[in-house]
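Student: Sharing a structure, written as C-alpha cells. Questions coming.
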Amino acid sequence: LRGSIKIAVVPDYNVDIADKLVSGANIWLNNPIPPREASGTSGMKAALNGALNLSVLDGWWIEGLKRRPKSGWGFGETMEPHWSDDERDDIQAAELYDQLEEAVNLYTNQPDEWLHRVGESMALAGHFNTHRVVEEYDEVMWS
C-alpha cells in the first residue's frame, strides 16, 4: 500500500486538532494498549462525523462494535496474561493489518456498502450520550 495510503502520527493531540481530524476522516484508527483506553470520545466524535472506527477492543468500542457490528472493525479481543508485550504487539498488529486490509477493500471496491456502514456508524454515535448514561445509572445502579 506504500504510496496509496497516507498515514500520519499526531503528537500532542488536543481538541483543536481533533476538530479538524474527525471532520475529514473516513477511518478512525484507535490503538491504545488495553486497558489504557480513556473514555473513547474521539471515536464517538469520528462516528458522529461519518467515520468508521477501527479500534482495539477496549473501552467504549467493545460495546459500540457489539451494538452495531457494521459501524467499524475491532482487534485485540484475544489477550493472554502470559504474553509478553512483544507477543501481544505482534498478534494485535497482525489483526490490525487484516482489519485494515478489509476496510480499504470495502472503501475501494464496495462504495454502496461503505455508505451503509457510514450510516451505521452515525447511528451508533447517538447511543452514547449523557441522557442515556444518567438514565441507565438510575435504573441499574441507584434503584
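Labels for the C-alpha cells follow display order: chains A, B, ..., residues from 1 in each chain, ligands from 1.
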Run DSSP on the backbone of this structure and report the residues of chain A it assigns to alpha helix (DSSP H), as a PDB file with N, CA, C and O atoms, in the first residue's frame.
Tutor:
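Now in selection.pdb:
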```pdb
ATOM      1  N   VAL A  15      -8.011  19.172  21.492  1.00  0.00           N
ATOM      2  CA  VAL A  15      -9.362  19.442  20.989  1.00  0.00           C
ATOM      3  C   VAL A  15      -9.330  20.146  19.640  1.00  0.00           C
ATOM      4  O   VAL A  15     -10.122  19.823  18.746  1.00  0.00           O
ATOM      5  N   ASP A  16      -8.457  21.111  19.463  1.00  0.00           N
ATOM      6  CA  ASP A  16      -8.390  21.834  18.187  1.00  0.00           C
ATOM      7  C   ASP A  16      -7.980  20.915  17.040  1.00  0.00           C
ATOM      8  O   ASP A  16      -8.527  20.991  15.940  1.00  0.00           O
ATOM      9  N   ILE A  17      -7.023  20.039  17.304  1.00  0.00           N
ATOM     10  CA  ILE A  17      -6.595  19.081  16.284  1.00  0.00           C
ATOM     11  C   ILE A  17      -7.723  18.093  16.006  1.00  0.00           C
ATOM     12  O   ILE A  17      -8.011  17.769  14.851  1.00  0.00           O
ATOM     13  N   ALA A  18      -8.399  17.630  17.057  1.00  0.00           N
ATOM     14  CA  ALA A  18      -9.497  16.671  16.892  1.00  0.00           C
ATOM     15  C   ALA A  18     -10.578  17.238  15.991  1.00  0.00           C
ATOM     16  O   ALA A  18     -11.127  16.530  15.139  1.00  0.00           O
ATOM     17  N   ASP A  19     -10.914  18.506  16.149  1.00  0.00           N
ATOM     18  CA  ASP A  19     -11.949  19.146  15.340  1.00  0.00           C
ATOM     19  C   ASP A  19     -11.638  19.023  13.855  1.00  0.00           C
ATOM     20  O   ASP A  19     -12.513  18.725  13.043  1.00  0.00           O
ATOM     21  N   LYS A  20     -10.399  19.228  13.512  1.00  0.00           N
ATOM     22  CA  LYS A  20     -10.003  19.138  12.102  1.00  0.00           C
ATOM     23  C   LYS A  20      -9.950  17.693  11.605  1.00  0.00           C
ATOM     24  O   LYS A  20     -10.331  17.399  10.485  1.00  0.00           O
ATOM     25  N   LEU A  21      -9.481  16.801  12.458  1.00  0.00           N
ATOM     26  CA  LEU A  21      -9.311  15.412  12.036  1.00  0.00           C
ATOM     27  C   LEU A  21     -10.638  14.670  11.878  1.00  0.00           C
ATOM     28  O   LEU A  21     -10.843  13.963  10.895  1.00  0.00           O
ATOM     29  N   VAL A  22     -11.518  14.786  12.857  1.00  0.00           N
ATOM     30  CA  VAL A  22     -12.742  13.977  12.808  1.00  0.00           C
ATOM     31  C   VAL A  22     -13.651  14.390  11.670  1.00  0.00           C
ATOM     32  O   VAL A  22     -14.413  13.572  11.165  1.00  0.00           O
ATOM     33  N   THR A  41     -14.046   9.305  23.562  1.00  0.00           N
ATOM     34  CA  THR A  41     -14.827  10.379  22.928  1.00  0.00           C
ATOM     35  C   THR A  41     -14.339  10.725  21.531  1.00  0.00           C
ATOM     36  O   THR A  41     -15.129  11.138  20.693  1.00  0.00           O
ATOM     37  N   SER A  42     -13.064  10.539  21.234  1.00  0.00           N
ATOM     38  CA  SER A  42     -12.608  10.854  19.877  1.00  0.00           C
ATOM     39  C   SER A  42     -13.242   9.898  18.871  1.00  0.00           C
ATOM     40  O   SER A  42     -13.651  10.313  17.782  1.00  0.00           O
ATOM     41  N   GLY A  43     -13.345   8.618  19.228  1.00  0.00           N
ATOM     42  CA  GLY A  43     -14.003   7.668  18.335  1.00  0.00           C
ATOM     43  C   GLY A  43     -15.485   7.950  18.173  1.00  0.00           C
ATOM     44  O   GLY A  43     -16.057   7.769  17.099  1.00  0.00           O
ATOM     45  N   MET A  44     -16.112   8.408  19.247  1.00  0.00           N
ATOM     46  CA  MET A  44     -17.530   8.769  19.173  1.00  0.00           C
ATOM     47  C   MET A  44     -17.723   9.990  18.273  1.00  0.00           C
ATOM     48  O   MET A  44     -18.659  10.032  17.464  1.00  0.00           O
ATOM     49  N   LYS A  45     -16.846  10.986  18.413  1.00  0.00           N
ATOM     50  CA  LYS A  45     -16.922  12.177  17.550  1.00  0.00           C
ATOM     51  C   LYS A  45     -16.690  11.785  16.092  1.00  0.00           C
ATOM     52  O   LYS A  45     -17.362  12.296  15.191  1.00  0.00           O
ATOM     53  N   ALA A  46     -15.739  10.920  15.861  1.00  0.00           N
ATOM     54  CA  ALA A  46     -15.465  10.481  14.493  1.00  0.00           C
ATOM     55  C   ALA A  46     -16.690   9.777  13.906  1.00  0.00           C
ATOM     56  O   ALA A  46     -17.068  10.022  12.757  1.00  0.00           O
ATOM     57  N   ALA A  47     -17.329   8.915  14.691  1.00  0.00           N
ATOM     58  CA  ALA A  47     -18.533   8.214  14.228  1.00  0.00           C
ATOM     59  C   ALA A  47     -19.635   9.206  13.896  1.00  0.00           C
ATOM     60  O   ALA A  47     -20.321   9.084  12.870  1.00  0.00           O
ATOM     61  N   LEU A  48     -19.824  10.190  14.735  1.00  0.00           N
ATOM     62  CA  LEU A  48     -20.848  11.208  14.500  1.00  0.00           C
ATOM     63  C   LEU A  48     -20.587  11.957  13.200  1.00  0.00           C
ATOM     64  O   LEU A  48     -21.522  12.422  12.542  1.00  0.00           O
ATOM     65  N   TRP A  60     -15.040   2.032  25.247  1.00  0.00           N
ATOM     66  CA  TRP A  60     -16.372   2.149  24.653  1.00  0.00           C
ATOM     67  C   TRP A  60     -16.545   1.260  23.431  1.00  0.00           C
ATOM     68  O   TRP A  60     -17.659   0.844  23.118  1.00  0.00           O
ATOM     69  N   TRP A  61     -15.445   0.962  22.726  1.00  0.00           N
ATOM     70  CA  TRP A  61     -15.574   0.272  21.448  1.00  0.00           C
ATOM     71  C   TRP A  61     -16.032  -1.177  21.596  1.00  0.00           C
ATOM     72  O   TRP A  61     -16.611  -1.741  20.673  1.00  0.00           O
ATOM     73  N   ILE A  62     -15.821  -1.775  22.752  1.00  0.00           N
ATOM     74  CA  ILE A  62     -16.350  -3.125  22.974  1.00  0.00           C
ATOM     75  C   ILE A  62     -17.868  -3.083  22.841  1.00  0.00           C
ATOM     76  O   ILE A  62     -18.460  -3.879  22.106  1.00  0.00           O
ATOM     77  N   GLU A  63     -18.499  -2.161  23.537  1.00  0.00           N
ATOM     78  CA  GLU A  63     -19.956  -2.018  23.464  1.00  0.00           C
ATOM     79  C   GLU A  63     -20.394  -1.505  22.099  1.00  0.00           C
ATOM     80  O   GLU A  63     -21.386  -1.967  21.537  1.00  0.00           O
ATOM     81  N   GLY A  64     -19.652  -0.543  21.554  1.00  0.00           N
ATOM     82  CA  GLY A  64     -20.036   0.044  20.275  1.00  0.00           C
ATOM     83  C   GLY A  64     -20.079  -0.967  19.151  1.00  0.00           C
ATOM     84  O   GLY A  64     -21.052  -1.045  18.405  1.00  0.00           O
ATOM     85  N   LEU A  65     -19.037  -1.766  19.023  1.00  0.00           N
ATOM     86  CA  LEU A  65     -18.983  -2.744  17.940  1.00  0.00           C
ATOM     87  C   LEU A  65     -20.011  -3.847  18.140  1.00  0.00           C
ATOM     88  O   LEU A  65     -20.605  -4.327  17.178  1.00  0.00           O
ATOM     89  N   LYS A  66     -20.247  -4.220  19.382  1.00  0.00           N
ATOM     90  CA  LYS A  66     -21.269  -5.230  19.649  1.00  0.00           C
ATOM     91  C   LYS A  66     -22.659  -4.692  19.282  1.00  0.00           C
ATOM     92  O   LYS A  66     -23.482  -5.405  18.714  1.00  0.00           O
ATOM     93  N   ARG A  67     -22.907  -3.438  19.597  1.00  0.00           N
ATOM     94  CA  ARG A  67     -24.207  -2.816  19.330  1.00  0.00           C
ATOM     95  C   ARG A  67     -24.457  -2.655  17.829  1.00  0.00           C
ATOM     96  O   ARG A  67     -25.556  -2.865  17.348  1.00  0.00           O
ATOM     97  N   ASP A  85       4.915  -8.240  26.171  1.00  0.00           N
ATOM     98  CA  ASP A  85       4.471  -7.061  25.418  1.00  0.00           C
ATOM     99  C   ASP A  85       4.726  -7.237  23.931  1.00  0.00           C
ATOM    100  O   ASP A  85       3.891  -6.876  23.099  1.00  0.00           O
ATOM    101  N   ASP A  86       5.868  -7.811  23.588  1.00  0.00           N
ATOM    102  CA  ASP A  86       6.192  -8.020  22.178  1.00  0.00           C
ATOM    103  C   ASP A  86       5.241  -9.012  21.525  1.00  0.00           C
ATOM    104  O   ASP A  86       4.810  -8.808  20.383  1.00  0.00           O
ATOM    105  N   GLU A  87       4.915 -10.108  22.230  1.00  0.00           N
ATOM    106  CA  GLU A  87       3.969 -11.089  21.673  1.00  0.00           C
ATOM    107  C   GLU A  87       2.606 -10.446  21.455  1.00  0.00           C
ATOM    108  O   GLU A  87       1.989 -10.614  20.403  1.00  0.00           O
ATOM    109  N   ARG A  88       2.116  -9.703  22.457  1.00  0.00           N
ATOM    110  CA  ARG A  88       0.834  -9.020  22.333  1.00  0.00           C
ATOM    111  C   ARG A  88       0.850  -8.072  21.142  1.00  0.00           C
ATOM    112  O   ARG A  88      -0.059  -8.057  20.321  1.00  0.00           O
ATOM    113  N   ASP A  89       1.916  -7.280  21.035  1.00  0.00           N
ATOM    114  CA  ASP A  89       2.011  -6.316  19.943  1.00  0.00           C
ATOM    115  C   ASP A  89       2.014  -6.998  18.581  1.00  0.00           C
ATOM    116  O   ASP A  89       1.353  -6.538  17.642  1.00  0.00           O
ATOM    117  N   ASP A  90       2.737  -8.100  18.446  1.00  0.00           N
ATOM    118  CA  ASP A  90       2.801  -8.823  17.169  1.00  0.00           C
ATOM    119  C   ASP A  90       1.440  -9.382  16.784  1.00  0.00           C
ATOM    120  O   ASP A  90       1.016  -9.277  15.628  1.00  0.00           O
ATOM    121  N   ILE A  91       0.751  -9.977  17.743  1.00  0.00           N
ATOM    122  CA  ILE A  91      -0.561 -10.572  17.470  1.00  0.00           C
ATOM    123  C   ILE A  91      -1.565  -9.492  17.122  1.00  0.00           C
ATOM    124  O   ILE A  91      -2.313  -9.597  16.146  1.00  0.00           O
ATOM    125  N   GLN A  92      -1.586  -8.410  17.899  1.00  0.00           N
ATOM    126  CA  GLN A  92      -2.536  -7.341  17.624  1.00  0.00           C
ATOM    127  C   GLN A  92      -2.203  -6.611  16.325  1.00  0.00           C
ATOM    128  O   GLN A  92      -3.112  -6.189  15.604  1.00  0.00           O
ATOM    129  N   ALA A  93      -0.931  -6.488  15.998  1.00  0.00           N
ATOM    130  CA  ALA A  93      -0.553  -5.857  14.732  1.00  0.00           C
ATOM    131  C   ALA A  93      -1.070  -6.676  13.552  1.00  0.00           C
ATOM    132  O   ALA A  93      -1.604  -6.109  12.590  1.00  0.00           O
ATOM    133  N   ALA A  94      -0.939  -7.997  13.627  1.00  0.00           N
ATOM    134  CA  ALA A  94      -1.443  -8.855  12.550  1.00  0.00           C
ATOM    135  C   ALA A  94      -2.957  -8.709  12.405  1.00  0.00           C
ATOM    136  O   ALA A  94      -3.476  -8.613  11.287  1.00  0.00           O
ATOM    137  N   GLU A  95      -3.663  -8.681  13.543  1.00  0.00           N
ATOM    138  CA  GLU A  95      -5.122  -8.499  13.496  1.00  0.00           C
ATOM    139  C   GLU A  95      -5.471  -7.131  12.913  1.00  0.00           C
ATOM    140  O   GLU A  95      -6.393  -7.016  12.096  1.00  0.00           O
ATOM    141  N   LEU A  96      -4.751  -6.095  13.331  1.00  0.00           N
ATOM    142  CA  LEU A  96      -4.993  -4.747  12.824  1.00  0.00           C
ATOM    143  C   LEU A  96      -4.798  -4.696  11.312  1.00  0.00           C
ATOM    144  O   LEU A  96      -5.633  -4.157  10.588  1.00  0.00           O
ATOM    145  N   TYR A  97      -3.704  -5.260  10.813  1.00  0.00           N
ATOM    146  CA  TYR A  97      -3.454  -5.236   9.373  1.00  0.00           C
ATOM    147  C   TYR A  97      -4.528  -5.982   8.593  1.00  0.00           C
ATOM    148  O   TYR A  97      -4.938  -5.549   7.516  1.00  0.00           O
ATOM    149  N   ASP A  98      -5.015  -7.099   9.124  1.00  0.00           N
ATOM    150  CA  ASP A  98      -6.106  -7.827   8.466  1.00  0.00           C
ATOM    151  C   ASP A  98      -7.362  -6.963   8.382  1.00  0.00           C
ATOM    152  O   ASP A  98      -8.018  -6.897   7.341  1.00  0.00           O
ATOM    153  N   GLN A  99      -7.697  -6.307   9.496  1.00  0.00           N
ATOM    154  CA  GLN A  99      -8.889  -5.464   9.528  1.00  0.00           C
ATOM    155  C   GLN A  99      -8.718  -4.240   8.617  1.00  0.00           C
ATOM    156  O   GLN A  99      -9.657  -3.835   7.942  1.00  0.00           O
ATOM    157  N   LEU A 100      -7.533  -3.663   8.603  1.00  0.00           N
ATOM    158  CA  LEU A 100      -7.271  -2.510   7.748  1.00  0.00           C
ATOM    159  C   LEU A 100      -7.378  -2.892   6.278  1.00  0.00           C
ATOM    160  O   LEU A 100      -7.945  -2.138   5.476  1.00  0.00           O
ATOM    161  N   GLU A 101      -6.879  -4.064   5.928  1.00  0.00           N
ATOM    162  CA  GLU A 101      -6.997  -4.524   4.546  1.00  0.00           C
ATOM    163  C   GLU A 101      -8.465  -4.683   4.159  1.00  0.00           C
ATOM    164  O   GLU A 101      -8.883  -4.272   3.070  1.00  0.00           O
ATOM    165  N   GLU A 102      -9.264  -5.251   5.057  1.00  0.00           N
ATOM    166  CA  GLU A 102     -10.699  -5.393   4.790  1.00  0.00           C
ATOM    167  C   GLU A 102     -11.349  -4.022   4.609  1.00  0.00           C
ATOM    168  O   GLU A 102     -12.160  -3.820   3.701  1.00  0.00           O
ATOM    169  N   ALA A 103     -11.000  -3.075   5.463  1.00  0.00           N
ATOM    170  CA  ALA A 103     -11.584  -1.729   5.384  1.00  0.00           C
ATOM    171  C   ALA A 103     -11.216  -1.036   4.079  1.00  0.00           C
ATOM    172  O   ALA A 103     -12.081  -0.448   3.414  1.00  0.00           O
ATOM    173  N   VAL A 104      -9.957  -1.106   3.690  1.00  0.00           N
ATOM    174  CA  VAL A 104      -9.514  -0.463   2.449  1.00  0.00           C
ATOM    175  C   VAL A 104     -10.197  -1.108   1.250  1.00  0.00           C
ATOM    176  O   VAL A 104     -10.645  -0.413   0.328  1.00  0.00           O
ATOM    177  N   ASN A 105     -10.311  -2.426   1.242  1.00  0.00           N
ATOM    178  CA  ASN A 105     -11.003  -3.112   0.146  1.00  0.00           C
ATOM    179  C   ASN A 105     -12.463  -2.694   0.067  1.00  0.00           C
ATOM    180  O   ASN A 105     -12.998  -2.481  -1.027  1.00  0.00           O
ATOM    181  N   LEU A 106     -13.113  -2.583   1.212  1.00  0.00           N
ATOM    182  CA  LEU A 106     -14.512  -2.161   1.239  1.00  0.00           C
ATOM    183  C   LEU A 106     -14.647  -0.742   0.700  1.00  0.00           C
ATOM    184  O   LEU A 106     -15.497  -0.464  -0.146  1.00  0.00           O
ATOM    185  N   TYR A 107     -13.826   0.162   1.168  1.00  0.00           N
ATOM    186  CA  TYR A 107     -13.873   1.558   0.737  1.00  0.00           C
ATOM    187  C   TYR A 107     -13.625   1.673  -0.771  1.00  0.00           C
ATOM    188  O   TYR A 107     -14.306   2.424  -1.469  1.00  0.00           O
ATOM    189  N   THR A 108     -12.667   0.900  -1.260  1.00  0.00           N
ATOM    190  CA  THR A 108     -12.264   0.986  -2.658  1.00  0.00           C
ATOM    191  C   THR A 108     -13.230   0.278  -3.598  1.00  0.00           C
ATOM    192  O   THR A 108     -13.541   0.786  -4.679  1.00  0.00           O
ATOM    193  N   ASN A 109     -13.722  -0.886  -3.201  1.00  0.00           N
ATOM    194  CA  ASN A 109     -14.459  -1.754  -4.125  1.00  0.00           C
ATOM    195  C   ASN A 109     -15.957  -1.853  -3.887  1.00  0.00           C
ATOM    196  O   ASN A 109     -16.669  -2.389  -4.735  1.00  0.00           O
ATOM    197  N   PRO A 111     -18.471   0.829  -2.656  1.00  0.00           N
ATOM    198  CA  PRO A 111     -18.877   2.134  -2.125  1.00  0.00           C
ATOM    199  C   PRO A 111     -20.283   2.148  -1.532  1.00  0.00           C
ATOM    200  O   PRO A 111     -20.528   2.868  -0.554  1.00  0.00           O
ATOM    201  N   ASP A 112     -21.204   1.378  -2.075  1.00  0.00           N
ATOM    202  CA  ASP A 112     -22.557   1.347  -1.507  1.00  0.00           C
ATOM    203  C   ASP A 112     -22.556   0.739  -0.110  1.00  0.00           C
ATOM    204  O   ASP A 112     -23.221   1.249   0.802  1.00  0.00           O
ATOM    205  N   GLU A 113     -21.805  -0.336   0.084  1.00  0.00           N
ATOM    206  CA  GLU A 113     -21.694  -0.952   1.411  1.00  0.00           C
ATOM    207  C   GLU A 113     -20.965  -0.008   2.363  1.00  0.00           C
ATOM    208  O   GLU A 113     -21.322   0.092   3.541  1.00  0.00           O
ATOM    209  N   TRP A 114     -19.960   0.673   1.862  1.00  0.00           N
ATOM    210  CA  TRP A 114     -19.252   1.644   2.701  1.00  0.00           C
ATOM    211  C   TRP A 114     -20.230   2.709   3.216  1.00  0.00           C
ATOM    212  O   TRP A 114     -20.246   3.024   4.398  1.00  0.00           O
ATOM    213  N   LEU A 115     -21.047   3.251   2.322  1.00  0.00           N
ATOM    214  CA  LEU A 115     -22.006   4.290   2.733  1.00  0.00           C
ATOM    215  C   LEU A 115     -23.043   3.746   3.714  1.00  0.00           C
ATOM    216  O   LEU A 115     -23.456   4.456   4.643  1.00  0.00           O
ATOM    217  N   HIS A 116     -23.451   2.502   3.534  1.00  0.00           N
ATOM    218  CA  HIS A 116     -24.354   1.877   4.503  1.00  0.00           C
ATOM    219  C   HIS A 116     -23.693   1.850   5.880  1.00  0.00           C
ATOM    220  O   HIS A 116     -24.319   2.166   6.894  1.00  0.00           O
ATOM    221  N   ARG A 117     -22.437   1.491   5.920  1.00  0.00           N
ATOM    222  CA  ARG A 117     -21.710   1.432   7.190  1.00  0.00           C
ATOM    223  C   ARG A 117     -21.500   2.821   7.796  1.00  0.00           C
ATOM    224  O   ARG A 117     -21.486   2.964   9.017  1.00  0.00           O
ATOM    225  N   VAL A 118     -21.349   3.832   6.961  1.00  0.00           N
ATOM    226  CA  VAL A 118     -21.263   5.203   7.474  1.00  0.00           C
ATOM    227  C   VAL A 118     -22.540   5.537   8.241  1.00  0.00           C
ATOM    228  O   VAL A 118     -22.495   6.100   9.333  1.00  0.00           O
ATOM    229  N   GLY A 119     -23.682   5.147   7.677  1.00  0.00           N
ATOM    230  CA  GLY A 119     -24.957   5.355   8.374  1.00  0.00           C
ATOM    231  C   GLY A 119     -25.013   4.592   9.688  1.00  0.00           C
ATOM    232  O   GLY A 119     -25.511   5.110  10.701  1.00  0.00           O
ATOM    233  N   GLU A 120     -24.507   3.373   9.710  1.00  0.00           N
ATOM    234  CA  GLU A 120     -24.458   2.590  10.943  1.00  0.00           C
ATOM    235  C   GLU A 120     -23.588   3.283  11.990  1.00  0.00           C
ATOM    236  O   GLU A 120     -23.925   3.327  13.171  1.00  0.00           O
ATOM    237  N   SER A 121     -22.468   3.813  11.544  1.00  0.00           N
ATOM    238  CA  SER A 121     -21.557   4.495  12.457  1.00  0.00           C
ATOM    239  C   SER A 121     -22.214   5.744  13.056  1.00  0.00           C
ATOM    240  O   SER A 121     -22.142   5.976  14.265  1.00  0.00           O
ATOM    241  N   MET A 122     -22.856   6.515  12.223  1.00  0.00           N
ATOM    242  CA  MET A 122     -23.513   7.732  12.710  1.00  0.00           C
ATOM    243  C   MET A 122     -24.661   7.391  13.663  1.00  0.00           C
ATOM    244  O   MET A 122     -24.858   8.072  14.674  1.00  0.00           O
ATOM    245  N   ALA A 123     -25.383   6.337  13.369  1.00  0.00           N
ATOM    246  CA  ALA A 123     -26.472   5.915  14.255  1.00  0.00           C
ATOM    247  C   ALA A 123     -25.932   5.439  15.596  1.00  0.00           C
ATOM    248  O   ALA A 123     -26.546   5.684  16.642  1.00  0.00           O
ATOM    249  N   LEU A 124     -24.798   4.777  15.579  1.00  0.00           N
ATOM    250  CA  LEU A 124     -24.184   4.313  16.818  1.00  0.00           C
ATOM    251  C   LEU A 124     -23.823   5.483  17.721  1.00  0.00           C
ATOM    252  O   LEU A 124     -24.026   5.425  18.931  1.00  0.00           O
ATOM    253  N   ALA A 125     -23.312   6.539  17.140  1.00  0.00           N
ATOM    254  CA  ALA A 125     -22.881   7.690  17.941  1.00  0.00           C
ATOM    255  C   ALA A 125     -24.033   8.248  18.769  1.00  0.00           C
ATOM    256  O   ALA A 125     -23.822   8.725  19.881  1.00  0.00           O
ATOM    257  N   THR A 130     -25.136  11.599  27.302  1.00  0.00           N
ATOM    258  CA  THR A 130     -25.267  11.774  28.750  1.00  0.00           C
ATOM    259  C   THR A 130     -26.649  11.406  29.248  1.00  0.00           C
ATOM    260  O   THR A 130     -26.792  10.809  30.321  1.00  0.00           O
ATOM    261  N   HIS A 131     -27.681  11.740  28.486  1.00  0.00           N
ATOM    262  CA  HIS A 131     -29.047  11.418  28.901  1.00  0.00           C
ATOM    263  C   HIS A 131     -29.199   9.917  29.140  1.00  0.00           C
ATOM    264  O   HIS A 131     -29.724   9.481  30.163  1.00  0.00           O
ATOM    265  N   ARG A 132     -28.728   9.125  28.203  1.00  0.00           N
ATOM    266  CA  ARG A 132     -28.828   7.669  28.338  1.00  0.00           C
ATOM    267  C   ARG A 132     -28.009   7.184  29.530  1.00  0.00           C
ATOM    268  O   ARG A 132     -28.453   6.321  30.286  1.00  0.00           O
ATOM    269  N   VAL A 133     -26.830   7.722  29.707  1.00  0.00           N
ATOM    270  CA  VAL A 133     -25.963   7.272  30.799  1.00  0.00           C
ATOM    271  C   VAL A 133     -26.615   7.538  32.152  1.00  0.00           C
ATOM    272  O   VAL A 133     -26.669   6.650  33.013  1.00  0.00           O
ATOM    273  N   VAL A 134     -27.138   8.737  32.340  1.00  0.00           N
ATOM    274  CA  VAL A 134     -27.771   9.070  33.618  1.00  0.00           C
ATOM    275  C   VAL A 134     -28.992   8.184  33.845  1.00  0.00           C
ATOM    276  O   VAL A 134     -29.212   7.671  34.948  1.00  0.00           O
ATOM    277  N   GLU A 135     -29.785   7.982  32.807  1.00  0.00           N
ATOM    278  CA  GLU A 135     -30.960   7.111  32.917  1.00  0.00           C
ATOM    279  C   GLU A 135     -30.549   5.685  33.265  1.00  0.00           C
ATOM    280  O   GLU A 135     -31.158   5.036  34.121  1.00  0.00           O
ATOM    281  N   GLU A 136     -29.499   5.181  32.600  1.00  0.00           N
ATOM    282  CA  GLU A 136     -29.021   3.825  32.873  1.00  0.00           C
ATOM    283  C   GLU A 136     -28.484   3.706  34.298  1.00  0.00           C
ATOM    284  O   GLU A 136     -28.737   2.711  34.978  1.00  0.00           O
ATOM    285  N   TYR A 137     -27.743   4.677  34.754  1.00  0.00           N
ATOM    286  CA  TYR A 137     -27.273   4.680  36.151  1.00  0.00           C
ATOM    287  C   TYR A 137     -28.442   4.628  37.105  1.00  0.00           C
ATOM    288  O   TYR A 137     -28.432   3.894  38.092  1.00  0.00           O
ATOM    289  N   ASP A 138     -29.457   5.421  36.816  1.00  0.00           N
ATOM    290  CA  ASP A 138     -30.640   5.458  37.690  1.00  0.00           C
ATOM    291  C   ASP A 138     -31.319   4.090  37.741  1.00  0.00           C
ATOM    292  O   ASP A 138     -31.681   3.609  38.812  1.00  0.00           O
ATOM    293  N   GLU A 139     -31.461   3.457  36.597  1.00  0.00           N
ATOM    294  CA  GLU A 139     -32.155   2.176  36.534  1.00  0.00           C
ATOM    295  C   GLU A 139     -31.320   1.025  37.100  1.00  0.00           C
ATOM    296  O   GLU A 139     -31.854   0.139  37.763  1.00  0.00           O
ATOM    297  N   VAL A 140     -30.030   1.036  36.844  1.00  0.00           N
ATOM    298  CA  VAL A 140     -29.192  -0.105  37.192  1.00  0.00           C
ATOM    299  C   VAL A 140     -28.483   0.068  38.543  1.00  0.00           C
ATOM    300  O   VAL A 140     -28.445  -0.858  39.352  1.00  0.00           O
TER     301      VAL A 140
END
```
Student: Taking the DSSP assignment computed from this structure's backbone, write out as a list in words all residues of segment 39-116 of chain A that belong to strand (DSSP E).
Tutor: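 So the strand (DSSP E) residues in segment 39-116 of chain A would be Leu52, Asn53, Leu54, Ser55, Val56, Gly72, Trp73, Gly74 and Phe75 of chain A.
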Student: In Å, rounded to a single decimal, give me how far atom CA of Leu57 of chain A is from atom CA of Trp73 of chain A.
Tutor: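 A separation of 9.1 Å between them.
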Student: Could you list, as a PDB file with N, CA and C atoms, in the first residue's frame, every residue within 7 Å of Gly72 of chain A, counting only C-alpha atoms and ignoring same-chain residues fewer than 3 positions away?
Tutor:
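As a result, part_13.pdb now contains:
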```pdb
ATOM      1  N   LEU A  52     -15.746   5.451  10.066  1.00  0.00           N
ATOM      2  CA  LEU A  52     -15.865   4.110  10.630  1.00  0.00           C
ATOM      3  C   LEU A  52     -14.689   3.902  11.566  1.00  0.00           C
ATOM      4  N   ASN A  53     -14.952   3.309  12.719  1.00  0.00           N
ATOM      5  CA  ASN A  53     -13.908   3.072  13.703  1.00  0.00           C
ATOM      6  C   ASN A  53     -13.181   1.771  13.413  1.00  0.00           C
ATOM      7  N   LEU A  54     -11.894   1.817  13.551  1.00  0.00           N
ATOM      8  CA  LEU A  54     -11.034   0.635  13.526  1.00  0.00           C
ATOM      9  C   LEU A  54     -10.224   0.744  14.810  1.00  0.00           C
ATOM     10  N   LEU A  65     -19.037  -1.766  19.023  1.00  0.00           N
ATOM     11  CA  LEU A  65     -18.983  -2.744  17.940  1.00  0.00           C
ATOM     12  C   LEU A  65     -20.011  -3.847  18.140  1.00  0.00           C
ATOM     13  N   PRO A  69     -22.305  -3.880  14.662  1.00  0.00           N
ATOM     14  CA  PRO A  69     -21.113  -4.520  14.086  1.00  0.00           C
ATOM     15  C   PRO A  69     -20.669  -3.943  12.743  1.00  0.00           C
TER      16      PRO A  69
END
```
Student: Just checking: using only C-alpha atoms, which residue out of A:Ser4, A:Ser55, A:Pro11, A:Arg68 ends up closest to Pro34 of chain A?
Tutor: A:Ser55
Student: Point out the residue among A:Asn14, A:Ser84, A:Gln110, A:Ser71 with the least atom-to-atom distance to Trp28 of chain A, counting only C-alpha atoms.
Tutor: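 Going through A:Asn14, A:Ser84, A:Gln110, A:Ser71 one by one, the smallest distance to Trp28 of chain A is for A:Ser71.
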Student: By how many Å are atom CA of Phe128 of chain A and atom CA of Tyr13 of chain A apart?
Tutor: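 Going from atom CA of Phe128 of chain A over to atom CA of Tyr13 of chain A, I get 22.1 Å.
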Student: Nearest to Pro35 of chain A: which of A:Lys70, A:Trp142, A:Asp58, A:Val10 is it, counting only C-alpha atoms?
Tutor: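 Nearest candidate to Pro35 of chain A out of A:Lys70, A:Trp142, A:Asp58, A:Val10: A:Asp58.
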Student: Counting only C-alpha atoms, figure out which residue out of A:Ser23, A:Asn49, A:Asn129, A:Asn30 gets nearest to Gly76 of chain A.
Tutor: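 Nearest to Gly76 of chain A: A:Asn30.
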